[in-house]
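A quick write-up on the structure given underneath.
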There are 4 protein chains.
Amino acid sequence: MTDKNTNIQKLRDEYAIFVNERNWNQFHDPKSVAASISIEANELLELFQWDTPESAREKLNNPKWRAKVEGEVADVFIYLLNFVNQTGIDITTEYNKKMAVAREKFKVEAQDDLEAYYKVKEDYRKAGK
Amino acid sequence: MTDKNTNIQKLRDEYAIFVNERNWNQFHDPKSVAASISIEANELLELFQWDTPESAREKLNNPKWRAKVEGEVADVFIYLLNFVNQTGIDITTEYNKKMAVAREKFKVEAQDDLEAYYKVKEDYRKAGK
Amino acid sequence: MTDKNTNIQKLRDEYAIFVNERNWNQFHDPKSVAASISIEANELLELFQWDTPESAREKLNNPKWRAKVEGEVADVFIYLLNFVNQTGIDITTEYNKKMAVAREKFKVEAQDDLEAYYKVKEDYRKAGK
Amino acid sequence: MTDKNTNIQKLRDEYAIFVNERNWNQFHDPKSVAASISIEANELLELFQWDTPESAREKLNNPKWRAKVEGEVADVFIYLLNFVNQTGIDITTEYNKKMAVAREKFKVEAQDDLEAYYKVKEDYRKAGK
């Protein structure tokens with residue numbers, strides 16, 4: 001089973017059963033789970049703490065490092081599933097809403113340098129929030 | 001389209017095309033994208049900054065607040081897609097690996113109080129890392 | 001030596017010497033150090049990951065837990081010193097500027113419930129940014 | 001007043017009075033304040049979200065950007081003061097304890113490349129935790 005043949009709901013359901021069996025929902029309020037996503041995201045970030053963009057890219061070729069990165073990605077994803085399970089949010093629906101806005105705001109034209117990229121992102125933030 | 005009928009690869013591919021069309025891969029090194037997941041996770045956390053578990057749960061019933069939460073969930077998910085697209089990590093594979101370990105470590109028995117919950121998590125961390 | 005008889009510059013200087021002796025400035029660009037503050041803040045947050053406000057407060061009475069908290073507080077502070085050393089920012093000056101704005105915006109009157117507290121914070125954000 | 005002539009306790013006391021006058025201690029449990037440090041650290045990190053080490057350093061020369069950075073540094077520091085005020089932790093004491101360990105673990109010798117730097121940090125983590 002890979003991303004190609006797995007729908008999101010299947011993983012949501014599987015994880016919900018795992019949590020329910022252990023009676024953990026009592027601990028998983030939205031604030032604690034949001035904090036958990038942040039905590040795991042920072043464990044992922046820590047794997048690149050002192051890297052340049054180049055050394056960060058290269059590191060992924062190191063199998064031992066790559067395995068750590070994979071583990072942290074899974075942790076972020078699992079807490080995200082936890083959060084949407086607790087709150088009844090549909091990821092696909094929210095993804096599509098967000099992308100519809102992004103497609104309109106960010107015209108299809110290359111941003112050729114970092115300054116231009118920051119500028120479109122900044123314009124988007126101001127407009128979208 | 002909802003989580004029930006959407007496979008993960010479809011969203012990955014759609015997002016990859018969006019990024020490629022805009023020539024943004026040049027800016028999306030793994031460190032910056034990991035930082036972005038953390039930044040968005042903290043925007044989600046900010047929506048519950050001063051809440052108790054109870055007030056955090058209640059807030060989701062407020063449609064205006066809920067819409068903000070949904071937007072931040074989408075942002076976390078989109079940067080997670082970005083990260084796995086950049087690095088070629090398969091989410092489902094990593095989810096399954098992690099859950100196989102978790103199922104073995106966390107026996108199916110209720111943890112009845114917070115102390116017990118912290119304890120199994122602590123044991124898991126020590127064993128799993 | 002305690003906070004009562006230590007000025008901030010003393011700690012800044014001491015830490016700057018420590019870093020210089022080890023030739024670490026080359027690794028300490030502002031982005032990596034900002035990421036480090038976030039990473040350490042999340043190690044602090046992790047110590048309260050599943051707590052309620054009450055259980056979080058109680059935990060500080062546990063000497064073993066308290067020692068962990070103290071260690072993470074030191075880590076956050078050290079990376080903050082690192083950041084201001086790299087960038088030449090004066091903490092006291094910025095503290096005073098921020099507090100002058102806060103004193104004006106947040107009138108001296110009790111916010112009696114969580115909703116009122118969120119409201120003044122929200123008004124402040126809108127006004128102050 | 002600058003870092004040169006300000007002791008930490010002075011800022012702690014000043015901030016404690018500000019919070020007390022507004023009756024905010026009721027909202028400032030250690031978990032929420034730890035979350036707040038993370039939230040502000042990520043607002044700081046966001047100012048360098050897509051930067052390379054070089055572009056991050058250059059940005060500090062832009063007065064408008066620099067002012068934003070200064071504001072976020074102040075926010076991180078203020079929530080750190082909040083945390084130590086709530087918990088009665090002495091920053092200087094914890095700084096000194098941490099640095100005493102660091103001085104012993106990290107010998108005074110230059111780490112000449114990123115790999116060596118990661119290695120000493122990794123060794124330190126394993127030994128120190």
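Numbering starts fresh at 1 for the residues of each chain in the structure tokens, the chains themselves are lettered A, B, ... in the order given, and ligands are numbered from 1 as they appear.
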
### Task
From segment 38-118 of chain D, collect each residue whose DSSP state is alpha helix (DSSP H) and return the set as a VMD selection string.
chain D and resid 38 to 46 53 to 59 63 to 87 91 to 105 114 to 118

### Query
What are the residues of chain B that have an atom within 12 Å of an atom of chain D, counting only C-alpha atoms, as a PyMOL selection string?
chain B and resi 24-53+126+129

### Task
For Glu109 of chain D, work out the shell of residues within 8 Å, counting only C-alpha atoms and skipping chain neighbours fewer than 3 positions away, then give it as an MDAnalysis selection string.
chainID C and resid 21:23

Generate a file of the selected residues that holds all heavy atoms, formatted as a short mmCIF file (atom, residue, chain, number, x, y, z; two decimals), in the first residue's frame.
```
data_model
loop_
_atom_site.label_atom_id
_atom_site.label_comp_id
_atom_site.auth_asym_id
_atom_site.auth_seq_id
_atom_site.Cartn_x
_atom_site.Cartn_y
_atom_site.Cartn_z
N GLU C 21 35.19 31.19 20.63
CA GLU C 21 36.29 30.27 20.91
C GLU C 21 36.16 28.98 20.10
O GLU C 21 37.15 28.32 19.81
CB GLU C 21 36.29 29.90 22.40
CG GLU C 21 36.86 30.95 23.31
CD GLU C 21 36.76 30.53 24.78
OE1 GLU C 21 35.98 29.60 25.11
OE2 GLU C 21 37.44 31.15 25.61
N ARG C 22 34.94 28.60 19.82
CA ARG C 22 34.69 27.35 19.10
C ARG C 22 34.49 27.54 17.60
O ARG C 22 34.19 26.59 16.88
CB ARG C 22 33.47 26.64 19.73
CG ARG C 22 33.83 25.98 21.05
CD ARG C 22 32.68 25.84 21.99
NE ARG C 22 33.15 25.32 23.28
CZ ARG C 22 33.71 26.10 24.22
NH1 ARG C 22 33.87 27.39 24.02
NH2 ARG C 22 34.12 25.57 25.36
N ASN C 23 34.57 28.80 17.18
CA ASN C 23 34.45 29.11 15.75
C ASN C 23 33.07 28.70 15.20
O ASN C 23 32.95 28.22 14.08
CB ASN C 23 35.57 28.40 14.96
CG ASN C 23 35.78 29.02 13.59
OD1 ASN C 23 35.42 30.18 13.37
ND2 ASN C 23 36.33 28.26 12.67
#
```

### Message
I want to know what sits within 12 Å of Glu70 of chain A, based on only C-alpha atoms, with residues of the same chain fewer than 5 positions away left out; could you give that as a PyMOL selection string?
### Response
(chain A and resi 40-41+43-44+47+60+63-65+75-77) or (chain B and resi 80+83-84+87-98)

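For the residues A:Ala67, A:Ala16, A:Lys107, A:Val73, ranking by smallest atom-to-atom distance to Asn85 of chain B using only C-alpha atoms places A:Val73 first.
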
### Message
So that I can see what lies close to Phe106 of chain A, please list as a list in words the residues with an atom at most 8 Å from it, counting only C-alpha atoms and leaving out residues fewer than 3 positions away in the same chain.
### Response
Ala102, Arg103, Val120 and Tyr124 of chain A
